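So this block is entry_30.txt, compact mmCIF, C-alpha atoms and all ligand atoms:
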# COMPACT_ATOMS: atom_id res chain seq x y z
CA MET A 1 16.51 -22.81 4.83
CA VAL A 2 15.69 -21.39 8.21
CA THR A 3 12.75 -22.64 10.21
CA THR A 4 11.57 -19.86 12.45
CA ALA A 5 9.09 -19.63 15.26
CA LEU A 6 7.51 -16.33 14.41
CA ARG A 7 5.78 -14.40 17.13
CA LEU A 8 3.11 -11.78 16.46
CA THR A 9 2.34 -8.87 18.78
CA PRO A 10 -0.61 -6.63 17.86
CA LEU A 11 0.34 -2.97 17.40
CA HIS A 12 -3.14 -1.41 17.44
CA PRO A 13 -6.64 -2.75 18.25
CA ALA A 14 -7.79 -2.41 14.63
CA LEU A 15 -4.77 -3.60 12.63
CA GLY A 16 -1.02 -4.14 12.58
CA ALA A 17 1.25 -6.69 14.20
CA GLU A 18 4.94 -6.76 14.97
CA VAL A 19 6.66 -9.93 13.81
CA ALA A 20 9.54 -11.20 15.94
CA GLY A 21 11.82 -14.11 15.25
CA VAL A 22 12.27 -13.59 11.50
CA ASP A 23 15.50 -12.51 9.83
CA LEU A 24 14.46 -11.40 6.35
CA SER A 25 18.03 -11.62 5.01
CA ALA A 26 17.88 -15.44 5.29
CA PRO A 27 15.79 -17.71 3.06
CA LEU A 28 12.48 -18.59 4.74
CA ASP A 29 10.98 -22.07 4.69
CA ALA A 30 7.51 -22.84 3.30
CA PRO A 31 5.69 -22.97 6.68
CA THR A 32 7.09 -19.55 7.63
CA ARG A 33 6.13 -18.07 4.26
CA GLU A 34 2.63 -19.48 4.63
CA ALA A 35 2.33 -18.17 8.19
CA LEU A 36 3.40 -14.69 7.04
CA THR A 37 0.85 -14.72 4.19
CA ARG A 38 -1.91 -15.58 6.66
CA ALA A 39 -0.66 -13.05 9.22
CA LEU A 40 -0.75 -10.27 6.61
CA ALA A 41 -4.33 -11.16 5.58
CA GLU A 42 -5.37 -11.15 9.24
CA HIS A 43 -3.45 -8.12 10.58
CA LEU A 44 -3.15 -6.08 7.32
CA ALA A 45 0.14 -4.46 8.36
CA LEU A 46 3.24 -6.33 9.54
CA VAL A 47 6.34 -4.75 11.06
CA PHE A 48 9.75 -6.44 11.17
CA ARG A 49 12.29 -4.51 13.27
CA GLY A 50 16.05 -4.31 13.04
CA GLN A 51 16.49 -5.76 9.55
CA SER A 52 19.72 -5.36 7.59
CA LEU A 53 19.20 -6.05 3.90
CA THR A 54 20.99 -5.58 0.61
CA PRO A 55 18.74 -4.64 -2.31
CA ALA A 56 18.90 -8.23 -3.62
CA GLN A 57 18.08 -9.72 -0.20
CA TYR A 58 15.21 -7.28 0.18
CA LEU A 59 13.66 -8.35 -3.13
CA VAL A 60 13.88 -12.01 -2.13
CA ALA A 61 12.23 -11.26 1.23
CA ALA A 62 9.48 -9.19 -0.40
CA SER A 63 8.66 -12.03 -2.79
CA VAL A 64 7.25 -13.98 0.18
CA PHE A 65 4.13 -11.86 -0.36
CA GLY A 66 4.00 -12.12 -4.17
CA PRO A 67 6.09 -11.49 -7.29
CA PRO A 68 7.70 -8.01 -7.26
CA MET A 69 6.17 -5.85 -9.99
CA ALA A 70 7.37 -2.79 -11.92
CA GLN A 71 6.54 0.64 -10.44
CA HIS A 72 5.17 3.17 -12.88
CA TYR A 73 7.10 6.31 -11.93
CA SER A 74 10.23 4.65 -13.22
CA GLN A 75 12.45 7.70 -12.74
CA HIS A 76 12.42 6.91 -8.99
CA ASN A 77 13.50 3.29 -9.32
CA MET A 78 16.87 2.17 -7.97
CA PRO A 79 19.24 1.99 -10.95
CA GLU A 80 20.86 -1.31 -9.90
CA GLU A 81 17.58 -2.98 -8.82
CA PRO A 82 14.75 -1.31 -10.79
CA LEU A 83 12.03 -3.30 -8.96
CA ILE A 84 12.88 -1.21 -5.88
CA GLY A 85 11.45 2.31 -5.87
CA LEU A 86 13.21 5.04 -3.87
CA ILE A 87 10.99 7.20 -1.71
CA TRP A 88 13.32 10.09 -1.14
CA HIS A 89 12.30 13.75 -1.41
CA ARG A 90 15.78 14.78 -2.59
CA ASN A 91 15.20 12.52 -5.58
CA GLY A 92 11.94 14.33 -6.34
CA GLN A 93 9.67 11.72 -4.75
CA GLN A 94 7.66 13.64 -2.15
CA PRO A 95 5.77 11.80 0.60
CA VAL A 96 2.18 11.15 -0.56
CA GLU A 97 0.01 12.66 2.17
CA MET A 98 -3.43 11.77 0.81
CA TRP A 99 -5.05 8.45 1.72
CA HIS A 100 -4.69 5.94 -1.10
CA THR A 101 -3.90 2.37 -2.06
CA ASP A 102 -1.12 1.73 -4.57
CA HIS A 103 -1.23 1.26 -8.34
CA THR A 104 -4.99 0.82 -8.87
CA ASN A 105 -4.36 1.56 -12.57
CA ARG A 106 -3.07 -2.00 -12.96
CA GLU A 107 -5.24 -4.94 -13.93
CA ARG A 108 -3.66 -6.97 -11.13
CA PRO A 109 -2.81 -4.30 -8.56
CA PRO A 110 -0.34 -5.03 -5.78
CA ALA A 111 -1.30 -7.46 -3.03
CA ALA A 112 1.13 -5.61 -0.79
CA THR A 113 3.37 -2.58 -0.58
CA ILE A 114 6.59 -3.23 1.32
CA LEU A 115 8.69 -0.39 2.72
CA TYR A 116 12.17 -0.64 4.24
CA GLY A 117 13.44 2.21 6.41
CA VAL A 118 16.98 3.02 5.23
CA GLU A 119 17.35 6.62 6.46
CA ILE A 120 14.90 7.98 9.01
CA PRO A 121 14.50 11.60 10.16
CA SER A 122 14.82 12.28 13.90
CA ALA A 123 11.11 13.20 14.18
CA GLY A 124 7.99 12.88 12.03
CA GLY A 125 7.82 11.27 8.60
CA GLY A 126 5.66 8.35 9.73
CA THR A 127 3.34 6.19 7.63
CA SER A 128 -0.32 5.64 8.57
CA VAL A 129 -2.38 2.61 7.52
CA ALA A 130 -6.19 2.42 7.72
CA ASN A 131 -8.23 -0.80 7.93
CA MET A 132 -10.71 -0.56 5.03
CA ARG A 133 -12.32 -3.85 6.06
CA ALA A 134 -13.36 -2.18 9.32
CA ALA A 135 -14.32 0.95 7.35
CA TYR A 136 -16.71 -1.12 5.22
CA GLN A 137 -18.28 -2.74 8.27
CA ALA A 138 -18.86 0.65 9.90
CA LEU A 139 -20.94 1.96 6.98
CA ASP A 140 -24.70 1.63 7.21
CA GLU A 141 -26.28 -1.16 5.23
CA ALA A 142 -27.74 1.06 2.51
CA GLU A 143 -24.34 2.55 1.74
CA ARG A 144 -22.62 -0.85 1.82
CA ARG A 145 -25.15 -2.08 -0.74
CA ARG A 146 -24.62 1.02 -2.86
CA LEU A 147 -20.83 0.62 -2.84
CA ASP A 148 -21.16 -3.11 -3.59
CA GLY A 149 -22.61 -2.21 -6.97
CA LEU A 150 -20.13 0.51 -7.97
CA THR A 151 -16.88 0.34 -9.90
CA THR A 152 -14.09 2.84 -10.56
CA PHE A 153 -12.16 3.46 -13.78
CA ASN A 154 -8.47 3.93 -13.04
CA SER A 155 -5.57 5.48 -14.89
CA LEU A 156 -2.30 7.26 -14.14
CA GLU A 157 -2.76 10.73 -12.63
CA ARG A 158 -3.09 13.37 -15.33
CA ASP A 159 -1.84 16.30 -13.29
CA ARG A 160 1.69 14.96 -12.84
CA SER A 161 4.11 16.66 -15.17
CA ASP A 162 6.96 14.23 -14.43
CA THR A 163 5.34 11.09 -15.88
CA ARG A 164 7.57 9.56 -18.54
CA ALA A 165 5.91 8.95 -21.90
CA GLU A 166 6.84 5.25 -21.81
CA ASP A 167 5.20 4.86 -18.36
CA GLN A 168 2.08 6.70 -19.53
CA ALA A 169 1.80 4.40 -22.55
CA LYS A 170 2.28 1.23 -20.47
CA TYR A 171 0.32 2.09 -17.35
CA GLY A 172 -2.17 4.78 -18.42
CA VAL A 173 -4.69 2.38 -20.03
CA PRO A 174 -8.01 2.62 -18.13
CA VAL A 175 -8.88 -0.36 -15.91
CA GLU A 176 -12.13 -1.00 -14.03
CA HIS A 177 -12.20 -2.23 -10.43
CA PRO A 178 -14.98 -2.85 -7.88
CA MET A 179 -15.25 -0.29 -5.06
CA VAL A 180 -15.61 -3.18 -2.63
CA ARG A 181 -13.27 -6.12 -3.05
CA THR A 182 -13.23 -9.54 -1.43
CA HIS A 183 -9.89 -10.46 0.09
CA PRO A 184 -8.54 -13.58 -1.68
CA VAL A 185 -7.03 -15.05 1.51
CA HIS A 186 -9.28 -13.68 4.26
CA GLY A 187 -12.60 -13.74 2.35
CA SER A 188 -13.76 -10.43 3.84
CA PRO A 189 -14.95 -7.33 1.93
CA ALA A 190 -13.08 -4.01 2.04
CA VAL A 191 -13.59 -0.60 0.44
CA TYR A 192 -11.19 -0.15 -2.46
CA PHE A 193 -10.48 2.97 -4.54
CA HIS A 194 -7.84 5.60 -5.29
CA VAL A 195 -9.13 9.18 -5.30
CA THR A 196 -6.77 10.59 -7.93
CA LYS A 197 -6.24 7.45 -10.05
CA ALA A 198 -10.01 6.92 -10.44
CA THR A 199 -11.14 9.10 -13.34
CA HIS A 200 -14.75 8.41 -12.33
CA ILE A 201 -17.16 5.98 -10.68
CA SER A 202 -19.57 3.96 -12.86
CA GLY A 203 -22.64 6.04 -13.70
CA MET A 204 -21.27 9.25 -12.14
CA THR A 205 -19.60 12.36 -13.53
CA PRO A 206 -15.91 12.92 -12.69
CA ASP A 207 -16.83 15.81 -10.34
CA ALA A 208 -19.52 13.85 -8.50
CA SER A 209 -17.20 10.84 -8.30
CA ARG A 210 -14.42 12.91 -6.75
CA ALA A 211 -16.81 14.53 -4.27
CA TYR A 212 -18.19 11.14 -3.21
CA MET A 213 -14.73 9.58 -2.79
CA ASP A 214 -13.50 12.59 -0.76
CA ASP A 215 -16.61 12.35 1.40
CA LEU A 216 -16.14 8.61 1.92
CA ILE A 217 -12.53 9.12 3.03
CA ALA A 218 -13.55 11.88 5.44
CA ARG A 219 -16.28 9.74 6.99
CA MET A 220 -14.58 6.35 6.96
CA ILE A 221 -11.02 6.97 8.09
CA ARG A 222 -11.25 7.60 11.82
CA PRO A 223 -8.42 7.25 14.36
CA GLU A 224 -9.96 3.99 15.65
CA ILE A 225 -9.09 2.20 12.41
CA VAL A 226 -5.62 3.71 11.83
CA TYR A 227 -2.22 2.32 12.79
CA HIS A 228 0.49 4.99 12.71
CA HIS A 229 3.97 3.66 12.05
CA ALA A 230 6.78 5.73 13.54
CA TRP A 231 9.84 4.65 11.59
CA ARG A 232 13.06 3.30 13.03
CA LYS A 233 16.01 2.56 10.80
CA GLY A 234 15.88 -1.12 9.80
CA ASP A 235 12.09 -1.46 9.96
CA VAL A 236 10.29 -3.35 7.22
CA LEU A 237 6.60 -2.46 7.00
CA VAL A 238 4.35 -4.69 4.89
CA ILE A 239 0.97 -3.19 3.98
CA ASP A 240 -1.89 -5.32 2.60
CA ASP A 241 -3.13 -3.20 -0.31
CA ARG A 242 -6.27 -5.33 -0.75
CA ALA A 243 -7.90 -4.10 2.45
CA THR A 244 -6.14 -0.92 3.57
CA MET A 245 -5.34 2.62 2.55
CA HIS A 246 -2.15 4.37 3.60
CA ARG A 247 -0.56 7.81 3.64
CA ALA A 248 2.80 9.34 4.45
CA HIS A 249 3.38 12.26 6.80
CA GLY A 250 5.52 15.10 5.49
CA ASP A 251 6.00 16.57 8.98
CA TYR A 252 9.78 16.15 9.14
CA ASP A 253 12.77 18.43 8.76
CA ARG A 254 13.60 18.46 5.03
CA SER A 255 17.26 19.10 5.77
CA GLN A 256 17.26 15.51 7.07
CA SER A 257 16.97 12.44 4.88
CA ARG A 258 13.99 10.11 4.78
CA VAL A 259 14.77 7.20 2.49
CA LEU A 260 12.43 4.25 2.16
CA TRP A 261 12.91 1.45 -0.32
CA ARG A 262 9.58 0.41 -1.78
CA VAL A 263 8.63 -2.89 -3.39
CA ILE A 264 5.14 -3.72 -4.61
CA VAL A 265 4.15 -7.33 -5.22
CA GLU A 266 1.53 -8.46 -7.68
CA GLY A 267 -1.85 -9.66 -6.43
CA ASP A 268 -5.10 -10.90 -7.93
CA ARG A 269 -7.51 -9.00 -10.11
CA PRO A 270 -9.91 -7.38 -7.59
CA ARG A 271 -13.37 -8.93 -7.47
CA ARG A 272 -16.43 -8.30 -5.31
FE FE B 301 1.46 4.59 -1.56
Could you quickly redo this structure as structure tokens?
Ligand SMILES: [Fe+2]
Amino acid sequence: MVTTALRLTPLHPALGAEVAGVDLSAPLDAPTREALTRALAEHLALVFRGQSLTPAQYLVAASVFGPPMAQHYSQHNMPEEPLIGLIWHRNGQQPVEMWHTDHTNRERPPAATILYGVEIPSAGGGTSVANMRAAYQALDEAERRRLDGLTTFNSLERDRSDTRAEDQAKYGVPVEHPMVRTHPVHGSPAVYFHVTKATHISGMTPDASRAYMDDLIARMIRPEIVYHHAWRKGDVLVIDDRATMHRAHGDYDRSQSRVLWRVIVEGDRPRR
């Protein structure tokens, strides 16, 4: 066991902190694990630089934030460690450029998405993370109250032709979630939905639901609440999925490689 004195340096006024003094390839003691759990709830995005991890070490490190869970587009999973998903355009997994939070079609969606930068293009290809706790606070009271009473019904995207039948059967069962969820560690509310996994909002047609969610994203996600992560090889970025949305940037030279290893870890069932 390694006892570490972790140091946190904020990366942006609204969210994000760089963690120094932690080697994720070594086992972490209970106080360090606890401190990281609290730091994630507080800062919503954590960055560890200069890590060097095997797939097995990476899974152990990720489990600090929760039990690693299966990812539903299983054709992109690493053959030797299927709990690690490969984000790699040459493997058919394009960067997702729309704002979203991961795997809302699960009853207990991920507490966190963890990304490890294995191959990084020379320019572009960053990941942006938005603080949806701050987004909620910035809404006027009438809209906060409205959102407090709404839920979404979530399923796997229907317009993806590459979904395997076994994944559709396992992960395509509709699940209802509140549009505002209370963070289980931090206790604060945050706006929570996935535009293309939500088939509709309670009491609204699919078209009206989509229009409202698109409008919310356009109004809520302003530069003041966004941390943009410019990748360096060896970075580990931990994103709190309970109070953020994220997106990738496809603005890199596709003749270069961008390979991120993704792990998602199971969280609680969202509740208002
Ligand atoms: Fe994602």
Next on the checklist: For Thr127 in chain A, find every residue with an atom within 10 Å (counting all atoms listed in the file), except residues of its own chain fewer than 2 positions away, and show them as JSON, numbers by chain.
Outcome noted: {"A": [95, 96, 97, 115, 124, 125, 129, 227, 228, 229, 230, 231, 237, 246, 247, 248, 249, 250]}
Item to check | Best match for closeness to Asp240 in chain A among A:Pro68, A:Gly203, A:Gly187, A:Gly267, counting only C-alpha atoms | outcome: A:Gly267
Checklist outcome for this item: The distance between CA of Asp102 in chain A and CA of Lys197 in chain A is 9.4 Å
Neighbouring residues of Arg145 in chain A were defined as those with any atom within 12 Å, considering all atoms listed in the file; residues of the same chain fewer than 2 positions away were excluded. Please report them as a short mmCIF file (atom, residue, chain, number, x, y, z; two decimals) with C-alpha atoms, in the frame of the given file.
data_model
loop_
_atom_site.label_atom_id
_atom_site.label_comp_id
_atom_site.auth_asym_id
_atom_site.auth_seq_id
_atom_site.Cartn_x
_atom_site.Cartn_y
_atom_site.Cartn_z
CA TYR A 136 -16.71 -1.12 5.22
CA GLN A 137 -18.28 -2.74 8.27
CA LEU A 139 -20.94 1.96 6.98
CA ASP A 140 -24.70 1.63 7.21
CA GLU A 141 -26.28 -1.16 5.23
CA ALA A 142 -27.74 1.06 2.51
CA GLU A 143 -24.34 2.55 1.74
CA LEU A 147 -20.83 0.62 -2.84
CA ASP A 148 -21.16 -3.11 -3.59
CA GLY A 149 -22.61 -2.21 -6.97
CA LEU A 150 -20.13 0.51 -7.97
CA MET A 179 -15.25 -0.29 -5.06
CA VAL A 180 -15.61 -3.18 -2.63
CA PRO A 189 -14.95 -7.33 1.93
CA VAL A 191 -13.59 -0.60 0.44
CA ARG A 272 -16.43 -8.30 -5.31
#
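The coordinates place CA of Lys233 in chain A at 21.0 Å from CA of Leu6 in chain A.
Among the candidate residues A:Val263, A:Ala165, A:Ala20, A:Ile225, the one lying nearest to Ile84 in chain A is A:Val263, with distances computed using only C-alpha atoms.
Minimum atom-to-atom distances from A:His72, A:Val19, A:Arg232, A:Val185 to Ala169 in chain A were compared using only C-alpha atoms, and the lowest value belongs to A:His72.
Going from CA of Met69 in chain A to CA of Lys170 in chain A covers 13.2 Å.
Proximity ranking of A:Ile120, A:Ile239, A:Leu216, A:Leu40 relative to ligand FE 301 (chain B) places A:Ile239 first, based on all atoms listed in the file.
Among the candidate residues A:Val195, A:Leu8, A:Ala30, A:Val47, the one lying nearest to His100 in chain A is A:Val195, with distances computed using only C-alpha atoms.
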Next on the checklist: Between A:Arg222, A:Arg7, A:His76, A:His194, which residue has the minimum interatomic distance to ligand FE 301 (chain B), considering only C-alpha atoms and all ligand atoms?
Outcome noted: A:His194
Next on the checklist: Show me, as number ranges by chain, the residues that have an atom within 7 Å of Leu156 in chain A when counting only C-alpha atoms, minus same-chain residues fewer than 2 positions from it.
Outcome noted: A: 105, 158, 168, 171-172, 197
Next on the checklist: At a cut-off of 8 Å, using only C-alpha atoms, what residues contact Met245 in chain A? Leave out same-chain residues fewer than 6 positions from it and give the result as a PyMOL selection string.
Outcome noted: chain A and resi 99-101+129-132
Item to check | Distance query 12 Å from (0.3, -16.4, 8.4) using all atoms listed in the file, result as a list in words | outcome: Ala5, Leu6, Arg7, Leu8, Ala17, Val19, Ala30, Pro31, Thr32, Arg33, Glu34, Ala35, Leu36, Thr37, Arg38, Ala39, Leu40, Ala41, Glu42, His43, Leu44, Ala45, Leu46, Val64, Phe65, Val185 and His186 of chain A
